[in-house]
file target-v2.tsv (TSV, C-alpha atoms and all ligand atoms)
chain	number	residue	atom	x	y	z
A	1	MET	CA	77.38	92.63	72.62
A	2	LYS	CA	77.09	89.34	70.75
A	3	SER	CA	74.33	86.99	71.93
A	4	ALA	CA	73.81	83.23	72.11
A	5	LYS	CA	70.26	82.24	71.20
A	6	ILE	CA	68.91	79.58	73.54
A	7	GLY	CA	65.75	77.47	73.22
A	8	LEU	CA	64.38	75.61	76.25
A	9	LEU	CA	62.57	72.31	75.70
A	10	GLY	CA	60.61	71.97	78.93
A	11	PHE	CA	59.62	74.49	81.56
A	12	GLY	CA	59.12	72.42	84.69
A	13	ASN	CA	61.29	72.59	87.80
A	14	VAL	CA	64.65	72.43	86.01
A	15	GLY	CA	63.50	74.63	83.12
A	16	GLY	CA	62.26	77.24	85.59
A	17	GLY	CA	65.52	77.12	87.55
A	18	THR	CA	67.56	77.48	84.36
A	19	TYR	CA	65.47	80.47	83.23
A	20	LYS	CA	65.87	82.13	86.63
A	21	ILE	CA	69.65	81.69	86.69
A	22	LEU	CA	70.14	82.96	83.12
A	23	THR	CA	67.97	85.98	84.01
A	24	ASP	CA	69.14	86.79	87.55
A	25	ASN	CA	72.83	86.17	86.81
A	26	LYS	CA	72.87	87.53	83.26
A	27	ALA	CA	75.31	90.32	84.12
A	28	ILE	CA	77.95	88.01	85.57
A	29	ILE	CA	77.58	85.58	82.65
A	30	GLU	CA	78.02	88.45	80.18
A	31	ALA	CA	81.05	89.74	82.08
A	32	ARG	CA	82.65	86.29	82.07
A	33	THR	CA	81.96	85.42	78.44
A	34	GLY	CA	81.48	88.69	76.56
A	35	ILE	CA	78.31	87.09	75.19
A	36	SER	CA	74.71	87.62	76.25
A	37	PRO	CA	72.60	84.49	76.88
A	38	GLU	CA	69.27	85.16	75.21
A	39	ILE	CA	66.33	82.78	75.74
A	40	VAL	CA	64.37	83.06	72.51
A	41	LYS	CA	61.76	80.30	72.87
A	42	ILE	CA	60.43	77.94	75.54
A	43	LEU	CA	58.49	74.75	74.86
A	44	GLN	CA	55.87	74.49	77.55
A	45	ARG	CA	53.69	71.43	77.35
A	46	ASN	CA	51.42	72.09	80.31
A	47	ARG	CA	50.32	75.72	80.43
A	48	ASN	CA	48.24	75.24	83.57
A	49	LYS	CA	51.05	74.04	85.85
A	50	LYS	CA	52.29	76.40	88.58
A	51	ARG	CA	55.67	77.88	87.57
A	52	LEU	CA	58.74	78.93	89.53
A	53	VAL	CA	59.06	82.03	87.34
A	54	SER	CA	56.73	84.02	85.13
A	55	VAL	CA	57.80	84.80	81.57
A	56	ASP	CA	56.67	86.92	78.67
A	57	PRO	CA	54.01	84.70	77.00
A	58	VAL	CA	55.47	85.58	73.60
A	59	LEU	CA	58.42	83.29	74.46
A	60	LEU	CA	56.17	80.27	74.99
A	61	THR	CA	55.32	77.70	72.35
A	62	GLU	CA	53.66	74.30	72.26
A	63	ASP	CA	55.46	73.33	69.03
A	64	PRO	CA	58.98	71.86	69.48
A	65	ASP	CA	59.80	72.73	65.84
A	66	ASP	CA	59.69	76.42	66.82
A	67	ILE	CA	62.96	75.66	68.65
A	68	ILE	CA	64.49	72.67	66.88
A	69	LYS	CA	63.94	74.06	63.38
A	70	ASP	CA	64.54	77.74	64.11
A	71	PRO	CA	67.77	78.59	62.26
A	72	ASP	CA	68.49	81.35	64.79
A	73	VAL	CA	68.68	79.01	67.81
A	74	ASP	CA	72.30	78.13	68.74
A	75	ILE	CA	71.75	75.99	71.85
A	76	VAL	CA	68.83	73.66	72.59
A	77	VAL	CA	68.39	72.82	76.28
A	78	GLU	CA	66.38	69.64	76.83
A	79	MET	CA	64.67	69.37	80.23
A	80	LEU	CA	61.57	67.37	79.38
A	81	GLY	CA	62.36	64.15	81.27
A	82	GLY	CA	61.45	60.70	79.93
A	83	ILE	CA	63.14	58.87	77.06
A	84	GLU	CA	60.80	59.99	74.28
A	85	PRO	CA	60.15	62.39	72.69
A	86	ALA	CA	63.21	63.90	74.40
A	87	THR	CA	65.75	61.71	72.56
A	88	SER	CA	64.20	62.38	69.13
A	89	PHE	CA	64.13	66.12	69.80
A	90	MET	CA	67.81	66.11	70.80
A	91	LEU	CA	68.83	64.13	67.71
A	92	GLN	CA	66.85	66.46	65.44
A	93	ALA	CA	68.44	69.50	67.05
A	94	MET	CA	71.96	68.07	66.59
A	95	LYS	CA	71.25	67.25	62.95
A	96	ALA	CA	70.09	70.84	62.52
A	97	GLY	CA	73.54	71.96	63.73
A	98	LYS	CA	72.53	73.02	67.24
A	99	HIS	CA	74.50	72.40	70.40
A	100	VAL	CA	72.49	70.41	72.95
A	101	VAL	CA	72.48	70.55	76.75
A	102	SER	CA	70.39	68.02	78.65
A	103	ALA	CA	69.46	67.24	82.25
A	104	ASN	CA	67.64	64.06	81.24
A	105	LYS	CA	69.36	61.01	82.77
A	106	ALA	CA	66.76	58.50	81.51
A	107	ALA	CA	67.11	59.60	77.86
A	108	ILE	CA	70.91	59.86	77.98
A	109	ALA	CA	71.42	56.51	79.73
A	110	ALA	CA	69.05	54.76	77.32
A	111	ASN	CA	70.49	56.32	74.17
A	112	TYR	CA	74.04	57.30	75.13
A	113	LYS	CA	75.76	56.04	71.99
A	114	ILE	CA	73.43	57.47	69.38
A	115	LEU	CA	73.32	60.83	71.15
A	116	THR	CA	77.10	61.16	71.52
A	117	ASP	CA	77.77	59.79	68.00
A	118	THR	CA	75.22	62.12	66.42
A	119	ALA	CA	76.70	65.14	68.21
A	120	GLN	CA	80.16	64.19	66.95
A	121	GLU	CA	79.00	63.54	63.38
A	122	ASN	CA	77.34	66.93	63.26
A	123	GLY	CA	80.19	68.84	64.91
A	124	VAL	CA	78.07	70.07	67.81
A	125	LYS	CA	78.55	69.93	71.57
A	126	PHE	CA	76.43	67.62	73.74
A	127	LEU	CA	76.81	68.36	77.45
A	128	PHE	CA	74.80	66.82	80.29
A	129	GLU	CA	76.37	67.70	83.65
A	130	ALA	CA	72.94	68.13	85.27
A	131	SER	CA	71.91	64.56	84.46
A	132	VAL	CA	73.98	63.05	87.30
A	133	ALA	CA	73.80	64.31	90.89
A	134	GLY	CA	72.12	67.63	90.04
A	135	GLY	CA	74.30	70.57	91.00
A	136	ILE	CA	77.43	68.51	91.78
A	137	PRO	CA	79.99	69.05	89.00
A	138	VAL	CA	81.04	65.41	88.87
A	139	LEU	CA	80.93	64.73	85.11
A	140	THR	CA	82.92	67.85	84.27
A	141	SER	CA	85.49	66.81	86.89
A	142	ILE	CA	85.79	63.27	85.50
A	143	THR	CA	86.26	64.55	81.94
A	144	GLY	CA	88.30	67.59	82.99
A	145	ALA	CA	90.50	67.91	86.05
A	146	LEU	CA	90.63	64.13	86.65
A	147	GLN	CA	91.10	63.00	83.05
A	148	SER	CA	94.70	61.80	83.56
A	149	ASN	CA	93.50	59.09	85.98
A	150	ASN	CA	92.58	55.47	85.54
A	151	PHE	CA	89.47	55.30	87.68
A	152	ILE	CA	89.42	52.40	90.12
A	153	GLU	CA	86.10	52.86	91.87
A	154	ILE	CA	83.07	55.12	91.93
A	155	MET	CA	80.53	54.87	94.75
A	156	GLY	CA	77.61	57.25	94.78
A	157	ILE	CA	74.50	58.23	96.61
A	158	LEU	CA	72.84	59.21	93.37
A	159	ASN	CA	69.18	59.55	94.29
A	160	GLY	CA	67.90	62.20	96.67
A	161	THR	CA	64.47	60.68	97.22
A	162	THR	CA	65.77	57.34	98.49
A	163	ASN	CA	68.48	58.99	100.57
A	164	TYR	CA	65.82	61.20	102.16
A	165	ILE	CA	63.64	58.17	102.92
A	166	LEU	CA	66.51	56.11	104.39
A	167	THR	CA	67.70	59.08	106.47
A	168	LYS	CA	64.26	59.63	108.00
A	169	MET	CA	63.82	55.90	108.64
A	170	THR	CA	67.26	55.78	110.32
A	171	GLU	CA	67.13	58.99	112.33
A	172	GLU	CA	63.45	59.22	113.22
A	173	GLY	CA	62.37	55.59	113.08
A	174	LEU	CA	59.65	56.45	110.54
A	175	ALA	CA	58.01	53.87	108.27
A	176	TYR	CA	58.96	53.67	104.58
A	177	LYS	CA	55.50	54.51	103.25
A	178	ASP	CA	55.06	57.63	105.39
A	179	VAL	CA	58.43	59.05	104.38
A	180	LEU	CA	57.85	58.35	100.67
A	181	ARG	CA	54.72	60.49	100.81
A	182	ASP	CA	56.72	63.24	102.52
A	183	ALA	CA	59.46	63.06	99.81
A	184	GLN	CA	56.82	63.32	97.06
A	185	GLU	CA	55.31	66.38	98.74
A	186	LYS	CA	58.75	67.98	98.97
A	187	GLY	CA	59.18	67.54	95.19
A	188	PHE	CA	62.34	65.36	95.12
A	189	ALA	CA	60.65	62.28	93.72
A	190	GLU	CA	60.15	61.54	90.03
A	191	ALA	CA	56.58	61.84	88.68
A	192	ASP	CA	56.41	58.07	89.10
A	193	PRO	CA	58.45	57.39	92.26
A	194	THR	CA	58.99	53.75	91.19
A	195	ALA	CA	62.08	54.95	89.30
A	196	ASP	CA	63.44	56.39	92.54
A	197	VAL	CA	62.58	53.68	95.05
A	198	GLU	CA	63.43	50.73	92.80
A	199	GLY	CA	66.89	52.14	92.01
A	200	ILE	CA	66.19	52.78	88.31
A	201	ASP	CA	67.02	56.49	88.54
A	202	ALA	CA	70.32	55.67	90.27
A	203	ALA	CA	71.08	53.02	87.61
A	204	ASN	CA	70.57	55.62	84.86
A	205	LYS	CA	73.05	57.91	86.59
A	206	LEU	CA	75.55	55.10	87.19
A	207	SER	CA	75.35	54.17	83.49
A	208	ILE	CA	76.32	57.75	82.53
A	209	LEU	CA	79.11	57.86	85.14
A	210	MET	CA	80.56	54.58	83.85
A	211	ALA	CA	80.44	55.73	80.23
A	212	LEU	CA	82.57	58.74	81.11
A	213	ALA	CA	84.87	57.33	83.80
A	214	PHE	CA	85.48	53.85	82.42
A	215	ASP	CA	84.81	54.52	78.70
A	216	THR	CA	82.33	51.64	78.90
A	217	TYR	CA	78.66	52.05	78.15
A	218	VAL	CA	76.46	49.68	80.15
A	219	ALA	CA	72.72	49.98	79.51
A	220	PRO	CA	70.86	50.74	82.75
A	221	GLU	CA	68.79	47.56	82.48
A	222	ALA	CA	72.06	45.55	82.44
A	223	ILE	CA	73.07	46.96	85.82
A	224	PRO	CA	72.02	44.60	88.66
A	225	THR	CA	69.62	46.87	90.55
A	226	THR	CA	67.81	46.56	93.85
A	227	GLY	CA	65.85	49.44	95.32
A	228	ILE	CA	64.79	50.25	98.86
A	229	SER	CA	61.10	49.37	98.78
A	230	SER	CA	61.62	46.22	100.82
A	231	ILE	CA	63.86	47.78	103.49
A	232	THR	CA	62.12	47.61	106.86
A	233	GLU	CA	62.59	49.43	110.15
A	234	SER	CA	64.04	46.20	111.59
A	235	ASP	CA	66.70	46.04	108.79
A	236	ILE	CA	67.71	49.57	109.77
A	237	CYS	CA	67.82	48.67	113.49
A	238	ARG	CA	69.87	45.51	112.87
A	239	ALA	CA	72.39	47.50	110.82
A	240	ALA	CA	72.61	50.11	113.60
A	241	GLU	CA	73.32	47.37	116.19
A	242	ASP	CA	76.35	46.40	114.08
A	243	GLY	CA	77.51	50.04	113.83
A	244	LYS	CA	76.34	50.36	110.23
A	245	ILE	CA	73.98	52.51	108.19
A	246	ILE	CA	72.00	51.42	105.13
A	247	LYS	CA	72.46	53.61	102.03
A	248	LEU	CA	71.38	53.04	98.42
A	249	ILE	CA	74.70	52.92	96.60
A	250	GLY	CA	75.51	52.95	92.88
A	251	LYS	CA	78.92	51.35	92.62
A	252	ALA	CA	81.31	50.61	89.76
A	253	SER	CA	84.79	49.26	90.33
A	254	VAL	CA	87.58	47.61	88.42
A	255	ARG	CA	88.63	44.27	89.93
A	256	SER	CA	91.37	42.25	88.20
A	257	GLY	CA	90.83	44.31	85.05
A	258	LYS	CA	87.07	43.67	85.00
A	259	LEU	CA	84.41	46.33	85.52
A	260	GLU	CA	81.84	45.32	88.14
A	261	TYR	CA	78.72	47.37	88.85
A	262	SER	CA	75.50	47.41	90.81
A	263	VAL	CA	72.87	49.58	92.45
A	264	GLN	CA	71.78	48.19	95.82
A	265	PRO	CA	71.21	49.04	99.47
A	266	MET	CA	74.54	48.58	101.25
A	267	MET	CA	75.45	48.50	104.93
A	268	LEU	CA	78.29	50.98	105.36
A	269	ASP	CA	80.41	51.44	108.47
A	270	LYS	CA	79.32	54.59	110.27
A	271	ALA	CA	82.83	55.98	109.71
A	272	HIS	CA	82.48	55.81	105.90
A	273	PRO	CA	82.33	59.34	104.41
A	274	LEU	CA	79.10	58.46	102.53
A	275	CYS	CA	77.33	57.86	105.86
A	276	GLY	CA	77.44	61.58	106.59
A	277	VAL	CA	75.40	62.29	103.44
A	278	ASN	CA	71.83	62.71	104.60
A	279	ASN	CA	68.37	63.74	103.47
A	280	GLU	CA	68.10	64.70	99.79
A	281	PHE	CA	71.82	65.31	99.42
A	282	ASN	CA	73.88	63.30	96.92
A	283	ALA	CA	77.57	62.43	97.00
A	284	VAL	CA	80.01	60.71	94.68
A	285	TYR	CA	83.11	59.05	96.13
A	286	ILE	CA	85.76	58.49	93.48
A	287	THR	CA	89.08	56.66	93.59
A	288	GLY	CA	91.56	57.41	90.80
A	289	ASP	CA	94.97	55.78	90.45
A	290	MET	CA	96.77	59.11	90.61
A	291	VAL	CA	94.50	61.45	92.57
A	292	GLY	CA	93.53	58.89	95.24
A	293	GLU	CA	90.19	59.33	96.98
A	294	LEU	CA	87.85	62.26	96.42
A	295	MET	CA	84.30	63.00	97.52
A	296	PHE	CA	81.87	65.36	95.81
A	297	TYR	CA	78.88	66.42	97.93
A	298	GLY	CA	75.89	68.62	97.25
A	299	LYS	CA	72.29	68.90	96.18
A	300	GLY	CA	71.33	66.27	93.64
A	301	ALA	CA	67.92	67.68	92.81
A	302	GLY	CA	65.94	70.91	92.82
A	303	PRO	CA	65.44	73.72	90.29
A	304	LEU	CA	68.40	75.92	91.20
A	305	PRO	CA	71.10	73.28	91.92
A	306	THR	CA	70.18	71.38	88.76
A	307	GLY	CA	69.75	74.66	86.84
A	308	SER	CA	73.24	75.67	87.98
A	309	ALA	CA	74.70	72.59	86.25
A	310	VAL	CA	72.60	73.20	83.11
A	311	CYS	CA	73.78	76.80	82.95
A	312	GLY	CA	77.42	75.78	83.45
A	313	ASP	CA	77.10	73.64	80.30
A	314	ILE	CA	75.39	76.46	78.39
A	315	ILE	CA	78.16	78.89	79.34
A	316	ASN	CA	80.89	76.41	78.38
A	317	ILE	CA	79.30	76.13	74.94
A	318	MET	CA	78.94	79.90	74.66
A	319	LYS	CA	82.63	80.35	75.46
A	320	ASN	CA	83.62	77.94	72.71
A	321	MET	CA	81.22	78.73	69.95
A	322	GLU	CA	81.75	81.28	67.26
A	323	VAL	CA	78.83	83.60	67.67
A	324	GLU	CA	78.50	85.83	64.67
A	325	LYS	CA	75.33	87.57	65.66
B	401	LIG	N1	64.19	62.00	91.57
B	401	LIG	C1	65.57	62.36	91.51
B	401	LIG	C2	66.16	62.21	92.91
B	401	LIG	C3	65.71	63.78	91.01
B	401	LIG	O1	65.40	62.01	93.85
B	401	LIG	O2	67.39	62.25	93.05
B	401	LIG	C4	67.09	64.17	90.58
B	401	LIG	O3	67.60	63.40	89.53
call {"tool": "encode", "arguments": {"input": "target-v2.tsv", "output": "structure tokens", "more": "lines below"}}
Ligand code: HSE
result
Amino acid sequence: MKSAKIGLLGFGNVGGGTYKILTDNKAIIEARTGISPEIVKILQRNRNKKRLVSVDPVLLTEDPDDIIKDPDVDIVVEMLGGIEPATSFMLQAMKAGKHVVSANKAAIAANYKILTDTAQENGVKFLFEASVAGGIPVLTSITGALQSNNFIEIMGILNGTTNYILTKMTEEGLAYKDVLRDAQEKGFAEADPTADVEGIDAANKLSILMALAFDTYVAPEAIPTTGISSITESDICRAAEDGKIIKLIGKASVRSGKLEYSVQPMMLDKAHPLCGVNNEFNAVYITGDMVGELMFYGKGAGPLPTGSAVCGDIINIMKNMEVEK
């Protein structure tokens, strides 16, 4: 059987999940594609960290060039997080003729144009389904099944950490600080939770959604963004008295031909479908001119849900590439 040679940049939560899926579900992937996914090298920056999976140490390297510059590698999967060196590694890999898959919302939102242009100039695929809403296949739907639509509005609960915190504050009357600690312990939060609680992570994801749905790139720092760090128990109670629930919403909509966008806590009527999205779950509520209203719901974080989206991109590339090995 032919094989696709895959290099993983990063072996944290998402890297571990991706490795596990490509290993545990290898047989079904081979049956569906006729190609074997073969992980040939893994960049692991912190050897002492506890891992989701154990691997043959011969696969591990601390030198990114062992992946980016290896002529045998077909697909580079970037799961490092952070803007740099992730962006530079992805650009180098594309210039070396490798397809790139990424889960890294911060790097993609910051450098969307150069990454997509460089992929195009070098005739390689650049897929990033896992960067927005983890396991939910929202980007592939926007660029695939929904591509005949003019999109009118996208509203999303795009950050699991803040949704978890708001849910616990609403349902259990807990204080913001106590729930944040709990979310960090559960592993939803970013290494620095400021990006979660101040809405920056959601703004990165909204920037990527807008680039694909509205063909308009808006840098994340240009999106008016308010997080949840100043929401108090009394704000939550006041909203409840009015029959509303507070959710952190990333929203982009076209009004009189103009694209408007923001990330902010919003009071939604309890009957709104997004109010039923609780804990670390994410959801994206889309209105298209032809399809009408749709809601995508699922896990927006975690090794296996996010790894599922990464692997979907890898398999799509495998199906389309000419593998001559
Ligand atoms: N910190 C992010 C969240 C992880 O809480 O949603 C997934 O992007």
call {"tool": "residues_near_ligand", "arguments": {"input": "target-v2.tsv", "ligand": "ligand LIG 401 (chain B)", "cutoff": "9 Å", "atoms": "all atoms listed in the file", "output": "PyMOL selection string"}}
result
chain A and resi 103-105+130-134+157-164+183+187-191+193+195-197+201-202+205+280-282+299-302+306
call {"tool": "write_last_selection", "arguments": {"input": "target-v2.tsv", "atoms": "C-alpha atoms", "output": "PDB file, keeping the file's coordinate frame"}}
result
ATOM      1  CA  ALA A 103      69.460  67.240  82.250  1.00  0.00           C
ATOM      2  CA  ASN A 104      67.640  64.060  81.240  1.00  0.00           C
ATOM      3  CA  LYS A 105      69.360  61.010  82.770  1.00  0.00           C
ATOM      4  CA  ALA A 130      72.940  68.130  85.270  1.00  0.00           C
ATOM      5  CA  SER A 131      71.910  64.560  84.460  1.00  0.00           C
ATOM      6  CA  VAL A 132      73.980  63.050  87.300  1.00  0.00           C
ATOM      7  CA  ALA A 133      73.800  64.310  90.890  1.00  0.00           C
ATOM      8  CA  GLY A 134      72.120  67.630  90.040  1.00  0.00           C
ATOM      9  CA  ILE A 157      74.500  58.230  96.610  1.00  0.00           C
ATOM     10  CA  LEU A 158      72.840  59.210  93.370  1.00  0.00           C
ATOM     11  CA  ASN A 159      69.180  59.550  94.290  1.00  0.00           C
ATOM     12  CA  GLY A 160      67.900  62.200  96.670  1.00  0.00           C
ATOM     13  CA  THR A 161      64.470  60.680  97.220  1.00  0.00           C
ATOM     14  CA  THR A 162      65.770  57.340  98.490  1.00  0.00           C
ATOM     15  CA  ASN A 163      68.480  58.990 100.570  1.00  0.00           C
ATOM     16  CA  TYR A 164      65.820  61.200 102.160  1.00  0.00           C
ATOM     17  CA  ALA A 183      59.460  63.060  99.810  1.00  0.00           C
ATOM     18  CA  GLY A 187      59.180  67.540  95.190  1.00  0.00           C
ATOM     19  CA  PHE A 188      62.340  65.360  95.120  1.00  0.00           C
ATOM     20  CA  ALA A 189      60.650  62.280  93.720  1.00  0.00           C
ATOM     21  CA  GLU A 190      60.150  61.540  90.030  1.00  0.00           C
ATOM     22  CA  ALA A 191      56.580  61.840  88.680  1.00  0.00           C
ATOM     23  CA  PRO A 193      58.450  57.390  92.260  1.00  0.00           C
ATOM     24  CA  ALA A 195      62.080  54.950  89.300  1.00  0.00           C
ATOM     25  CA  ASP A 196      63.440  56.390  92.540  1.00  0.00           C
ATOM     26  CA  VAL A 197      62.580  53.680  95.050  1.00  0.00           C
ATOM     27  CA  ASP A 201      67.020  56.490  88.540  1.00  0.00           C
ATOM     28  CA  ALA A 202      70.320  55.670  90.270  1.00  0.00           C
ATOM     29  CA  LYS A 205      73.050  57.910  86.590  1.00  0.00           C
ATOM     30  CA  GLU A 280      68.100  64.700  99.790  1.00  0.00           C
ATOM     31  CA  PHE A 281      71.820  65.310  99.420  1.00  0.00           C
ATOM     32  CA  ASN A 282      73.880  63.300  96.920  1.00  0.00           C
ATOM     33  CA  LYS A 299      72.290  68.900  96.180  1.00  0.00           C
ATOM     34  CA  GLY A 300      71.330  66.270  93.640  1.00  0.00           C
ATOM     35  CA  ALA A 301      67.920  67.680  92.810  1.00  0.00           C
ATOM     36  CA  GLY A 302      65.940  70.910  92.820  1.00  0.00           C
ATOM     37  CA  THR A 306      70.180  71.380  88.760  1.00  0.00           C
TER      38      THR A 306
END
call {"tool": "closest_residue", "arguments": {"input": "target-v2.tsv", "among": "A:Ser230, A:Ser207, A:Tyr217, A:Asn278", "to": "Gly250 of chain A", "atoms": "all atoms listed in the file"}}
result
A:Ser207
call {"tool": "residues_around", "arguments": {"input": "target-v2.tsv", "residues": "segment 65-79 of chain A", "least_positions_apart": "6", "cutoff": "8 Å", "atoms": "only C-alpha atoms", "output": "ChimeraX atom specification"}}
result
/A:4-12,14-15,40-43,86,89-90,92-93,96,98-104,314
call {"tool": "atom_distance", "arguments": {"input": "target-v2.tsv", "atom1": "atom CA of Pro305 of chain A", "atom2": "atom CA of Glu84 of chain A"}}
result
24.4 Å
call {"tool": "atom_distance", "arguments": {"input": "target-v2.tsv", "atom1": "atom CA of Met266 of chain A", "atom2": "atom CA of Ile228 of chain A"}}
result
10.2 Å
call {"tool": "closest_residue", "arguments": {"input": "target-v2.tsv", "among": "A:Ile28, A:Ile142, A:Leu304, A:Ile152", "to": "Arg255 of chain A", "atoms": "all atoms listed in the file"}}
result
A:Ile152
call {"tool": "atom_distance", "arguments": {"input": "target-v2.tsv", "atom1": "atom CA of Ile83 of chain A", "atom2": "atom CA of Ala110 of chain A"}}
result
7.2 Å
call {"tool": "residues_near_point", "arguments": {"input": "target-v2.tsv", "point": "(60.0, 61.0, 107.1)", "cutoff": "12 Å", "atoms": "all atoms listed in the file", "output": "compact mmCIF listing (two decimals) with C-alpha atoms, in the frame of the given file"}}
result
# COMPACT_ATOMS: atom_id res chain seq x y z
CA THR A 161 64.47 60.68 97.22
CA THR A 162 65.77 57.34 98.49
CA ASN A 163 68.48 58.99 100.57
CA TYR A 164 65.82 61.20 102.16
CA ILE A 165 63.64 58.17 102.92
CA LEU A 166 66.51 56.11 104.39
CA THR A 167 67.70 59.08 106.47
CA LYS A 168 64.26 59.63 108.00
CA MET A 169 63.82 55.90 108.64
CA THR A 170 67.26 55.78 110.32
CA GLU A 171 67.13 58.99 112.33
CA GLU A 172 63.45 59.22 113.22
CA GLY A 173 62.37 55.59 113.08
CA LEU A 174 59.65 56.45 110.54
CA ALA A 175 58.01 53.87 108.27
CA TYR A 176 58.96 53.67 104.58
CA LYS A 177 55.50 54.51 103.25
CA ASP A 178 55.06 57.63 105.39
CA VAL A 179 58.43 59.05 104.38
CA LEU A 180 57.85 58.35 100.67
CA ARG A 181 54.72 60.49 100.81
CA ASP A 182 56.72 63.24 102.52
CA ALA A 183 59.46 63.06 99.81
CA GLN A 184 56.82 63.32 97.06
CA GLU A 185 55.31 66.38 98.74
CA LYS A 186 58.75 67.98 98.97
CA ASN A 279 68.37 63.74 103.47
CA GLU A 280 68.10 64.70 99.79
call {"tool": "axis_aligned_box", "arguments": {"input": "target-v2.tsv", "around": "segment 37-44 of chain A", "padding_each_side": "3 Å", "output": "lines of an AutoDock Vina configuration file"}}
result
center_x = 64.2
center_y = 79.8
center_z = 75.0
size_x = 22.7
size_y = 16.7
size_z = 11.0
call {"tool": "residues_around", "arguments": {"input": "target-v2.tsv", "residues": "Ala203 of chain A", "least_positions_apart": "4", "cutoff": "7 Å", "atoms": "only C-alpha atoms", "output": "PyMOL selection string"}}
result
chain A and resi 199+207+220+223+225+250+263
call {"tool": "residues_near_point", "arguments": {"input": "target-v2.tsv", "point": "(80.1, 62.0, 96.5)", "cutoff": "6 Å", "atoms": "all atoms listed in the file", "output": "list in words"}}
result
Gly156, Ala283, Val284, Tyr285, Met295, Phe296 and Tyr297 of chain A
call {"tool": "closest_residue", "arguments": {"input": "target-v2.tsv", "among": "A:Pro303, A:Gly312, A:Val291, A:Lys247", "to": "Ser148 of chain A", "atoms": "only C-alpha atoms"}}
result
A:Val291
call {"tool": "residues_around", "arguments": {"input": "target-v2.tsv", "residues": "Gly144 of chain A", "least_positions_apart": "4", "cutoff": "12 Å", "atoms": "only C-alpha atoms", "output": "number ranges by chain"}}
result
A: 129, 137-140, 148-149, 212-213
call {"tool": "write_last_selection", "arguments": {"input": "target-v2.tsv", "atoms": "C-alpha atoms", "output": "short mmCIF file (atom, residue, chain, number, x, y, z; two decimals), keeping the file's coordinate frame"}}
result
data_model
loop_
_atom_site.label_atom_id
_atom_site.label_comp_id
_atom_site.auth_asym_id
_atom_site.auth_seq_id
_atom_site.Cartn_x
_atom_site.Cartn_y
_atom_site.Cartn_z
CA GLU A 129 76.37 67.70 83.65
CA PRO A 137 79.99 69.05 89.00
CA VAL A 138 81.04 65.41 88.87
CA LEU A 139 80.93 64.73 85.11
CA THR A 140 82.92 67.85 84.27
CA SER A 148 94.70 61.80 83.56
CA ASN A 149 93.50 59.09 85.98
CA LEU A 212 82.57 58.74 81.11
CA ALA A 213 84.87 57.33 83.80
#
call {"tool": "closest_residue", "arguments": {"input": "target-v2.tsv", "among": "A:Thr226, A:Thr118, A:Asn320, A:Gln147", "to": "Ser88 of chain A", "atoms": "only C-alpha atoms"}}
result
A:Thr118
call {"tool": "closest_residue", "arguments": {"input": "target-v2.tsv", "among": "A:Met155, A:Ala145, A:Leu127, A:Ala106", "to": "Cys275 of chain A", "atoms": "all atoms listed in the file"}}
result
A:Met155
call {"tool": "closest_residue", "arguments": {"input": "target-v2.tsv", "among": "A:Ile35, A:Leu146, A:Ala211, A:Leu59", "to": "Lys113 of chain A", "atoms": "only C-alpha atoms"}}
result
A:Ala211
